[in-house]
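Undergrad: data_35.cif is reproduced below (mmCIF, C-alpha atoms).
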```cif
data_input
loop_
_atom_site.label_atom_id
_atom_site.label_comp_id
_atom_site.auth_asym_id
_atom_site.auth_seq_id
_atom_site.Cartn_x
_atom_site.Cartn_y
_atom_site.Cartn_z
CA MET A 704 107.32 81.10 113.87
CA GLU A 705 109.94 82.99 115.85
CA ALA A 706 109.50 86.58 116.88
CA VAL A 707 111.76 88.94 114.97
CA GLN A 708 112.66 92.38 116.28
CA ASP A 709 112.84 95.35 113.89
CA LYS A 710 113.01 93.11 110.86
CA VAL A 711 113.50 94.95 107.59
CA ILE A 712 110.88 94.31 104.94
CA THR A 713 112.31 91.95 102.36
CA LYS A 714 112.22 93.00 98.73
CA PRO A 715 110.74 90.68 96.11
CA LYS A 716 113.27 88.60 94.27
CA GLN A 717 111.78 89.81 91.01
CA PRO A 718 110.94 93.42 90.09
CA ILE A 719 107.58 94.69 91.27
CA SER A 720 105.01 93.88 88.63
CA LYS A 721 104.12 96.51 86.06
CA LEU A 722 100.97 98.52 86.61
CA TRP A 723 98.14 97.76 84.24
CA MET A 724 97.79 100.60 81.77
CA PRO A 725 94.69 100.30 79.59
CA LYS A 726 94.95 101.40 75.97
CA GLN A 727 91.84 103.50 76.42
CA VAL A 728 89.67 104.85 79.23
CA LEU A 729 85.99 105.38 78.49
CA ILE A 730 83.93 107.54 80.85
CA THR A 731 80.18 107.96 80.72
CA PRO A 732 78.27 111.24 81.22
CA ALA A 733 76.76 109.89 84.46
CA ALA A 734 80.23 108.99 85.77
CA LEU A 735 81.52 112.47 84.99
CA GLU A 736 78.79 113.94 87.14
CA GLU A 737 80.14 112.05 90.17
CA PRO A 738 82.99 113.67 92.16
CA TRP A 739 84.65 110.26 92.43
CA GLY A 740 84.31 109.86 88.68
CA GLN A 741 86.12 113.16 88.24
CA GLN A 742 88.86 111.87 90.55
CA ILE A 743 89.31 108.73 88.43
CA TYR A 744 89.27 110.90 85.29
CA GLY A 745 92.08 113.01 86.76
CA ARG A 746 94.15 109.95 87.67
CA ALA A 747 93.88 108.54 84.16
CA LYS A 748 94.84 111.88 82.60
CA SER A 749 97.84 112.26 84.93
CA LEU A 750 99.08 108.84 83.79
CA GLY A 751 98.94 109.98 80.18
CA LEU A 752 96.14 107.60 79.22
CA PRO A 753 93.75 108.46 76.39
CA VAL A 754 90.39 109.28 78.00
CA HIS A 755 87.26 109.38 75.84
CA GLU A 756 84.14 111.11 77.17
CA LEU A 757 81.16 109.21 75.87
CA LYS A 758 77.92 110.80 74.72
CA GLN A 759 75.78 108.08 76.27
CA ASN A 760 75.86 105.90 79.37
CA ARG A 761 76.19 102.63 77.44
CA ILE A 762 79.56 101.09 76.65
CA VAL A 763 79.63 100.11 72.98
CA GLY A 764 82.23 99.39 70.31
CA LEU A 765 84.06 96.58 72.08
CA ARG A 766 82.73 93.70 69.98
CA GLY A 767 85.16 92.15 67.52
CA GLU A 768 84.66 89.69 64.70
CA ASP A 769 85.06 86.80 67.14
CA GLU A 770 85.35 86.20 70.88
CA ARG A 771 89.13 86.43 70.73
CA GLU A 772 89.10 89.90 69.17
CA THR A 773 86.36 91.02 71.56
CA TYR A 774 88.50 89.77 74.42
CA ARG A 775 91.54 91.77 73.26
CA LYS A 776 89.56 94.99 72.86
CA ALA A 777 87.73 94.67 76.16
CA LYS A 778 90.72 93.60 78.23
CA SER A 779 92.66 96.70 77.18
CA THR A 780 89.84 99.07 78.20
CA LEU A 781 88.87 100.70 81.48
CA ALA A 782 85.28 101.95 81.51
CA VAL A 783 84.30 104.42 84.23
CA VAL A 784 80.57 104.04 84.84
CA THR A 785 78.04 104.35 87.66
CA ALA A 786 76.90 101.23 89.46
CA PRO A 787 73.21 100.56 88.75
CA PRO A 788 70.58 100.69 91.52
CA SER A 789 70.59 96.87 91.60
CA ALA A 790 74.18 97.02 92.89
CA LEU A 791 72.85 98.55 96.10
CA LYS A 792 70.79 95.44 96.81
CA LEU A 793 73.52 93.29 98.33
CA GLN A 794 73.65 89.53 97.98
CA PRO A 795 75.08 87.08 100.54
CA ILE A 796 78.38 85.45 99.61
CA PRO A 797 79.15 82.58 102.01
CA PRO A 798 81.63 81.24 102.93
CA SER A 799 83.73 84.28 102.00
CA ALA A 800 81.67 86.92 103.82
CA ASP A 801 78.16 87.86 104.89
CA TRP A 802 77.62 90.22 101.96
CA GLN A 803 79.26 91.13 98.66
CA PHE A 804 79.52 94.59 97.18
CA HIS A 805 81.40 95.86 94.17
CA LEU A 806 83.91 98.64 93.56
CA ALA A 807 84.24 97.49 89.96
CA GLU A 808 83.35 94.63 87.65
CA GLY A 809 85.94 92.92 85.46
CA CYS A 810 89.63 92.33 85.96
CA PRO A 811 92.81 93.31 84.08
CA ALA A 812 94.51 89.94 84.63
CA HIS A 813 94.55 87.09 82.10
CA CYS A 814 93.96 83.96 84.18
CA GLN A 815 93.22 80.98 81.95
CA TYR A 816 90.78 79.52 84.49
CA CYS A 817 89.03 82.88 85.14
CA TYR A 818 85.98 82.44 87.36
CA LEU A 819 84.40 85.59 85.93
CA ALA A 820 84.08 83.94 82.50
CA GLY A 821 80.36 83.52 81.96
CA SER A 822 79.51 85.29 85.24
CA LEU A 823 79.45 88.83 83.83
CA GLN A 824 77.45 89.82 80.79
CA GLY A 825 79.03 91.23 77.65
CA PRO A 826 82.70 91.73 76.71
CA PRO A 827 85.19 91.30 79.60
CA VAL A 828 85.86 95.02 80.06
CA THR A 829 86.88 96.38 83.48
CA ARG A 830 84.19 98.77 84.72
CA ALA A 831 85.13 101.00 87.66
CA PHE A 832 82.23 102.52 89.57
CA ALA A 833 82.22 106.30 89.89
CA ASN A 834 79.46 106.54 92.51
CA LEU A 835 81.69 105.15 95.26
CA PRO A 836 80.28 107.30 98.13
CA THR A 837 76.76 106.02 97.36
CA ILE A 838 78.03 102.43 97.37
CA LEU A 839 79.85 102.83 100.67
CA HIS A 840 77.13 104.69 102.53
CA ASN A 841 74.66 101.97 101.59
CA LEU A 842 76.66 99.29 103.40
CA PRO A 843 75.64 100.10 107.01
CA ASN A 844 72.06 99.23 106.01
CA TYR A 845 73.22 95.60 105.99
CA LYS A 846 74.98 95.66 109.33
CA GLN A 847 73.73 93.01 111.75
CA GLU A 848 73.38 94.20 115.32
CA ASP A 849 74.27 90.96 117.07
CA LYS A 850 77.62 90.27 115.38
CA ILE A 851 80.40 91.71 113.26
CA THR A 852 79.18 91.85 109.66
CA SER A 853 81.69 91.07 106.91
CA PHE A 854 81.69 92.50 103.39
CA GLU A 855 83.60 91.08 100.40
CA ALA A 856 84.76 93.60 97.78
CA SER A 857 86.50 91.35 95.27
CA CYS A 858 83.92 88.93 93.89
CA TYR A 859 83.83 90.53 90.45
CA THR A 860 87.16 92.32 90.27
CA ASP A 861 90.70 92.54 91.60
CA PRO A 862 90.53 95.93 93.34
CA LEU A 863 94.28 96.20 93.87
CA GLY A 864 95.00 95.63 90.19
CA ILE A 865 93.18 98.87 89.29
CA GLU A 866 93.87 100.86 92.45
CA HIS A 867 96.40 103.18 90.76
CA LEU A 868 93.59 104.19 88.39
CA THR A 869 90.70 104.45 90.86
CA GLY A 870 91.93 104.97 94.42
CA SER A 871 88.71 103.22 95.43
CA LEU A 872 90.26 100.48 97.55
CA ALA A 873 92.13 102.91 99.82
CA GLU A 874 88.98 105.00 100.22
CA THR A 875 86.99 101.89 101.11
CA ILE A 876 89.57 100.82 103.72
CA ARG A 877 89.36 104.30 105.28
CA PHE A 878 85.57 104.08 105.34
CA PHE A 879 85.58 100.71 107.11
CA GLY A 880 88.20 102.01 109.54
CA GLU A 881 85.58 104.47 110.79
CA GLN A 882 82.80 101.88 111.18
CA LYS A 883 81.91 99.73 114.17
CA GLY A 884 80.88 96.11 113.76
CA MET A 885 81.72 96.06 110.03
CA HIS A 886 84.72 94.31 108.45
CA LEU A 887 86.05 94.54 104.90
CA ARG A 888 87.64 91.64 103.01
CA TRP A 889 89.36 91.74 99.62
CA VAL A 890 91.77 89.53 97.69
CA SER A 891 94.31 90.18 94.94
CA LYS A 892 96.94 88.65 92.70
CA PHE A 893 98.75 91.99 92.50
CA ASP A 894 101.35 93.50 94.80
CA GLN A 895 101.16 97.31 94.75
CA VAL A 896 100.29 97.64 98.44
CA ASP A 897 102.58 100.50 99.53
CA GLY A 898 99.75 103.05 99.34
CA LEU A 899 97.67 100.97 101.77
CA LEU A 900 100.20 100.63 104.58
CA ASP A 901 99.63 103.96 106.35
CA ILE A 902 95.82 103.90 106.29
CA GLU A 903 94.07 103.90 109.67
CA HIS A 904 92.15 100.68 109.15
CA ASN A 905 91.66 100.02 112.88
CA GLY A 906 91.72 96.27 112.32
CA ASN A 907 88.51 96.39 110.30
CA THR A 908 90.03 95.25 106.99
CA GLN A 909 91.53 91.87 106.11
CA PRO A 910 93.51 91.91 102.85
CA ARG A 911 94.18 88.50 101.32
CA ILE A 912 96.61 87.57 98.60
CA SER A 913 95.89 84.75 96.18
CA ILE A 914 98.84 82.41 95.66
CA ASN A 915 99.46 79.19 93.79
CA ALA A 916 102.10 76.75 92.60
CA GLU A 917 104.82 78.34 90.47
CA PHE A 918 103.74 76.50 87.30
CA ILE A 919 100.16 77.77 87.59
CA ALA A 920 101.20 81.33 88.44
CA ARG A 921 103.65 81.54 85.53
CA ARG A 922 101.68 79.69 82.86
CA MET A 923 98.04 80.43 83.73
CA GLU A 924 97.96 83.83 85.47
CA ALA A 925 99.35 86.28 82.90
CA GLY A 926 99.38 89.94 83.80
CA THR A 927 99.59 89.32 87.56
CA ALA A 928 102.43 89.77 90.02
CA SER A 929 104.95 86.98 90.47
CA ILE A 930 104.57 84.69 93.48
CA GLU A 931 107.69 86.27 95.00
CA ALA A 932 106.16 89.74 94.64
CA ARG A 933 102.83 88.60 96.08
CA LEU A 934 104.57 87.09 99.10
CA ALA A 935 106.53 90.30 99.60
CA ALA A 936 103.19 92.14 99.48
CA ILE A 937 101.53 89.96 102.11
CA ARG A 938 104.60 90.43 104.29
CA LYS A 939 104.33 94.22 104.02
CA LEU A 940 100.62 94.13 104.83
CA ALA A 941 101.12 91.89 107.88
CA LEU A 942 104.19 93.56 109.42
CA PRO A 943 103.45 95.91 112.34
CA LYS A 944 103.27 99.59 111.47
CA VAL A 945 106.30 100.30 113.69
CA GLN A 946 108.29 98.04 111.36
CA GLY A 947 107.07 99.78 108.22
CA GLY A 948 104.15 97.46 107.48
CA GLY A 949 100.40 97.86 107.42
CA GLY A 950 99.57 96.03 110.64
CA TYR A 951 96.73 94.13 108.99
CA LYS A 952 95.32 90.78 109.90
CA VAL A 953 95.95 89.02 106.58
CA GLY A 954 94.81 86.00 104.64
CA LEU A 955 96.10 83.66 101.97
CA VAL A 956 93.77 82.25 99.34
CA ILE A 957 95.37 79.21 97.74
CA ALA A 958 93.43 78.86 94.52
CA PRO A 959 92.69 77.22 92.27
CA ILE A 960 94.39 74.14 93.64
CA MET A 961 95.24 71.65 90.86
CA PRO A 962 96.71 68.14 91.08
CA LEU A 963 99.63 68.80 88.73
CA PRO A 964 101.94 65.84 87.98
CA ASP A 965 104.36 67.12 90.65
CA TRP A 966 101.73 68.97 92.71
CA GLU A 967 103.03 67.91 96.12
CA GLU A 968 106.55 69.17 95.37
CA GLN A 969 105.28 72.42 93.89
CA TYR A 970 102.90 73.22 96.73
CA THR A 971 105.53 72.27 99.31
CA ASP A 972 107.86 74.81 97.70
CA LEU A 973 105.07 77.42 97.80
CA LEU A 974 104.41 76.83 101.50
CA ASP A 975 108.16 76.94 102.23
CA LYS A 976 108.30 80.40 100.65
CA LEU A 977 105.19 81.52 102.49
CA GLU A 978 106.65 80.38 105.81
CA GLN A 979 109.76 82.44 105.10
CA ALA A 980 107.69 85.50 104.19
CA LEU A 981 105.60 85.33 107.39
CA ASP A 982 108.40 84.47 109.80
CA PHE A 983 107.09 86.82 112.50
CA PRO A 984 104.01 86.80 114.76
CA CYS A 985 100.93 87.83 112.79
CA GLU A 986 97.27 86.99 112.43
CA VAL A 987 96.63 84.99 109.28
CA THR A 988 93.85 82.84 107.85
CA PHE A 989 93.68 80.43 104.92
CA GLU A 990 91.07 79.72 102.27
CA LEU A 991 91.54 76.64 100.07
CA ILE A 992 89.73 76.41 96.75
CA SER A 993 90.09 73.55 94.26
CA HIS A 994 89.69 74.14 90.54
CA ARG A 995 86.24 73.73 89.01
CA PHE A 996 84.48 74.88 85.87
CA THR A 997 81.06 74.98 84.22
CA PRO A 998 80.28 73.99 80.64
CA GLY A 999 79.72 77.66 79.79
CA SER A 1000 82.97 78.90 81.33
CA LYS A 1001 84.95 76.08 79.68
CA SER A 1002 83.61 77.02 76.24
CA LEU A 1003 84.35 80.72 76.68
CA LEU A 1004 87.80 80.23 78.21
CA GLN A 1005 88.87 77.90 75.42
CA GLU A 1006 87.90 80.61 72.93
CA TRP A 1007 89.84 83.24 74.88
CA TYR A 1008 92.85 80.97 75.47
CA PRO A 1009 93.02 78.40 72.65
CA ASN A 1010 96.41 77.16 73.87
CA THR A 1011 95.42 76.97 77.53
CA GLN A 1012 97.24 74.56 79.81
CA VAL A 1013 94.24 74.24 82.14
CA ASP A 1014 92.90 70.68 82.21
CA PHE A 1015 89.25 70.92 81.12
CA ASP A 1016 88.84 67.18 80.50
CA GLU A 1017 85.39 66.36 81.88
CA SER A 1018 86.21 62.63 82.01
CA ASN A 1019 88.61 63.38 84.87
CA ARG A 1020 85.92 65.16 86.90
CA SER A 1021 82.79 64.62 88.93
CA MET A 1022 79.66 66.59 88.13
CA LYS A 1023 77.87 68.61 90.78
CA PHE A 1024 74.71 70.71 90.64
CA ASN A 1025 74.07 74.00 92.39
CA LYS A 1026 70.76 74.96 94.00
CA PHE A 1027 69.59 76.51 90.73
CA GLY A 1028 70.23 73.35 88.72
CA GLY A 1029 73.44 74.56 87.07
CA LYS A 1030 76.22 72.02 86.76
CA LYS A 1031 79.91 72.29 87.41
CA TYR A 1032 82.83 69.90 87.15
CA VAL A 1033 84.99 69.26 90.22
CA TYR A 1034 87.70 66.76 91.06
CA PRO A 1035 86.62 63.27 92.12
CA ALA A 1036 86.25 62.61 95.84
CA VAL A 1037 89.51 60.63 96.05
CA THR A 1038 91.49 63.49 94.51
CA MET A 1039 89.75 66.08 96.70
CA HIS A 1040 90.54 64.10 99.83
CA MET A 1041 94.20 63.73 98.82
CA LEU A 1042 94.61 67.47 98.20
CA ARG A 1043 92.69 68.53 101.28
CA SER A 1044 94.63 66.20 103.58
CA PHE A 1045 97.94 67.54 102.28
CA PHE A 1046 97.07 71.20 102.81
CA GLU A 1047 95.41 70.75 106.17
CA SER A 1048 98.37 68.76 107.48
CA GLU A 1049 101.03 71.12 106.09
CA LEU A 1050 99.30 74.31 107.20
CA LYS A 1051 98.65 72.98 110.70
CA ARG A 1052 102.34 72.06 111.01
CA ARG A 1053 103.63 75.39 109.70
CA PHE A 1054 100.97 77.79 110.99
CA PRO A 1055 99.37 76.01 113.97
CA GLU A 1056 97.43 79.09 115.13
CA ALA A 1057 96.07 80.00 111.71
CA PRO A 1058 92.52 78.82 110.96
CA ILE A 1059 91.51 77.34 107.62
CA LEU A 1060 88.25 79.18 106.97
CA TYR A 1061 87.01 76.69 104.41
CA TRP A 1062 87.91 74.11 101.79
CA THR A 1063 85.87 73.90 98.63
#
```
Now, as a test, write the supplied structure out as structure tokens.
TA:
Amino acid sequence: MEAVQDKVITKPKQPISKLWMPKQVLITPAALEEPWGQQIYGRAKSLGLPVHELKQNRIVGLRGEDERETYRKAKSTLAVVTAPPSALKLQPIPPSADWQFHLAEGCPAHCQYCYLAGSLQGPPVTRAFANLPTILHNLPNYKQEDKITSFEASCYTDPLGIEHLTGSLAETIRFFGEQKGMHLRWVSKFDQVDGLLDIEHNGNTQPRISINAEFIARRMEAGTASIEARLAAIRKLALPKVQGGGGYKVGLVIAPIMPLPDWEEQYTDLLDKLEQALDFPCEVTFELISHRFTPGSKSLLQEWYPNTQVDFDESNRSMKFNKFGGKKYVYPAVTMHMLRSFFESELKRRFPEAPILYWT
């Protein structure tokens, strides 16, 4: 990659994706007692969204006559709640980070392979946590003294996709910018990053953007930003601040990788576009994740998306078991080797200094 002086940030070839606007915002009494909950309440009101103050701290009324109707109701709702005490007991999340914590649970996107399907209980509503200061000030309790400790904030949500409603991601980046020995990681399929560029992150945050082949992004990731817009976003985040960017060390998550009929051509085109977007010196890492599913997630996703184009044919897969005895379906070893060899070779050629953090 050649150094470029004073390069102007390129604009996405397609319009910036529309902000997600829920049809209703539900806020619990406990959330209203939190100053951050009041801040989210004010944001929703300023956007003209209908906000309903609940009389109890449970979210009810989102069940439909079937899973499809429940899905429609829940996916058009933002619930502002307080994270339970159990959320303050962090769990490890290798290989992504040392620990996971949550700014929200649920996601406004409509990905037909959604990894949250079956992972979260109840209807797939997006729940934003109003007790953000409590969540953040709990994190230093998990800091390890002998090394930099990493924290993943996007296991159960896409924090950028709801940032215009919560402001929680920017506040979290500011918090980590003031810490020593603690790094924040988050990933998104959205592109509204302008509000994150001027934050004093002090190199303690690594934003990552999830990208995929054009066919998958267009046909299986409804409600997200286009690939062109996502690449424009990662460019903005990576550009030095003196050039109008965020000056972040960035990452690309290529997921879920699928062996489409013309997969090599499609992923070559994706990497060509990525190379054009990051045509200046920057720190970047890669995470490569192949598609997999469980019997439970397959059943739920096929109810949510009856016309899905995701290949859920178990006869084309190998079965694996996790440490708890749960089973998942992955690609056979031959297919995995073929895909992995392609990406490792292409990324090493195009981005020789960029590490691949893991393949799974």
Undergrad: Under the PyMOL selection byres ((chain A and resi 1031) around 8), which residues of this model are included? Write them out as a ChimeraX atom specification.
TA: /A:995-998,1022-1025,1029-1030,1032-1033
Undergrad: Quick one: apply the PyMOL selection byres ((chain A and resi 875-885) around 10) to the file and drop the selected residues here as a VMD selection string.
TA: chain A and resid 806 835 to 836 838 to 840 842 to 843 845 to 854 856 870 to 874 886 to 889 899 902 to 910
Undergrad: One decimal, Å: what's the distance from CA of Ser779 (chain A) over to CA of Cys858 (chain A), could you say?
TA: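 Taking CA of Ser779 (chain A) as the start and CA of Cys858 (chain A) as the end point, the length is 20.4 Å.
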Undergrad: Tell me, as an NGL selection string, which residues lie within 10 Å of Ile919 (chain A), counting only C-alpha atoms; anything in the same chain fewer than 3 positions away does not count.
TA: :A and (814-815 or 914-916 or 922-925 or 958-961 or 963 or 969 or 1012-1013)
Undergrad: Restricting the output to C-alpha atoms, write the selected residues as a PDB file, in the frame of the given file.
TA:
```
ATOM      1  CA  CYS A 814      93.960  83.960  84.180  1.00  0.00           C
ATOM      2  CA  GLN A 815      93.220  80.980  81.950  1.00  0.00           C
ATOM      3  CA  ILE A 914      98.840  82.410  95.660  1.00  0.00           C
ATOM      4  CA  ASN A 915      99.460  79.190  93.790  1.00  0.00           C
ATOM      5  CA  ALA A 916     102.100  76.750  92.600  1.00  0.00           C
ATOM      6  CA  ARG A 922     101.680  79.690  82.860  1.00  0.00           C
ATOM      7  CA  MET A 923      98.040  80.430  83.730  1.00  0.00           C
ATOM      8  CA  GLU A 924      97.960  83.830  85.470  1.00  0.00           C
ATOM      9  CA  ALA A 925      99.350  86.280  82.900  1.00  0.00           C
ATOM     10  CA  ALA A 958      93.430  78.860  94.520  1.00  0.00           C
ATOM     11  CA  PRO A 959      92.690  77.220  92.270  1.00  0.00           C
ATOM     12  CA  ILE A 960      94.390  74.140  93.640  1.00  0.00           C
ATOM     13  CA  MET A 961      95.240  71.650  90.860  1.00  0.00           C
ATOM     14  CA  LEU A 963      99.630  68.800  88.730  1.00  0.00           C
ATOM     15  CA  GLN A 969     105.280  72.420  93.890  1.00  0.00           C
ATOM     16  CA  GLN A1012      97.240  74.560  79.810  1.00  0.00           C
ATOM     17  CA  VAL A1013      94.240  74.240  82.140  1.00  0.00           C
TER      18      VAL A1013
END
```
Undergrad: Please measure the separation of CA of Ala833 (chain A) and CA of Leu793 (chain A), giving the value in Å to one decimal.
TA: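 So the two atoms, CA of Ala833 (chain A) and CA of Leu793 (chain A), lie 17.8 Å apart.
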Undergrad: Given all atoms listed in the file as the basis, pick out the residue of A:Tyr1034, A:Phe989, A:Phe918, A:Phe893 nearest to Leu1050 (chain A).
TA: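 Comparing A:Tyr1034, A:Phe989, A:Phe918, A:Phe893 against Leu1050 (chain A), the winner is A:Phe989.
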Undergrad: For a quick check of understanding, using all atoms listed in the file, which of A:Arg1052, A:Arg771, A:Lys758, A:Arg766 has the smallest distance to Glu1006 (chain A)?
TA: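 Among the listed residues, A:Arg771 lies closest to Glu1006 (chain A).
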Undergrad: Go ahead and compute the interatomic distance for CA of Arg1020 (chain A) and CA of Leu991 (chain A), in Å to one decimal.
TA: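 Atom-to-atom, CA of Arg1020 (chain A) and CA of Leu991 (chain A) are spaced 18.4 Å apart.
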Undergrad: My list of candidates is A:Arg1043, A:Arg911, A:Asp965, A:Cys985. Which is closest to Ala941 (chain A) when distances are computed with only C-alpha atoms?
TA: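 With only C-alpha atoms as the atom set, the closest residue is A:Cys985.
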Undergrad: Of the residues A:Ala1057, A:Trp1062, A:Lys892, A:Asn1010, which is the one nearest to His994 (chain A), using all atoms listed in the file?
TA: A:Trp1062
Undergrad: Quick one: of A:Ala800, A:Leu819, A:Pro862, A:Thr829, who's nearest to Leu765 (chain A), counting all atoms listed in the file?
TA: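 Among A:Ala800, A:Leu819, A:Pro862, A:Thr829, it is A:Thr829 that comes nearest to Leu765 (chain A).
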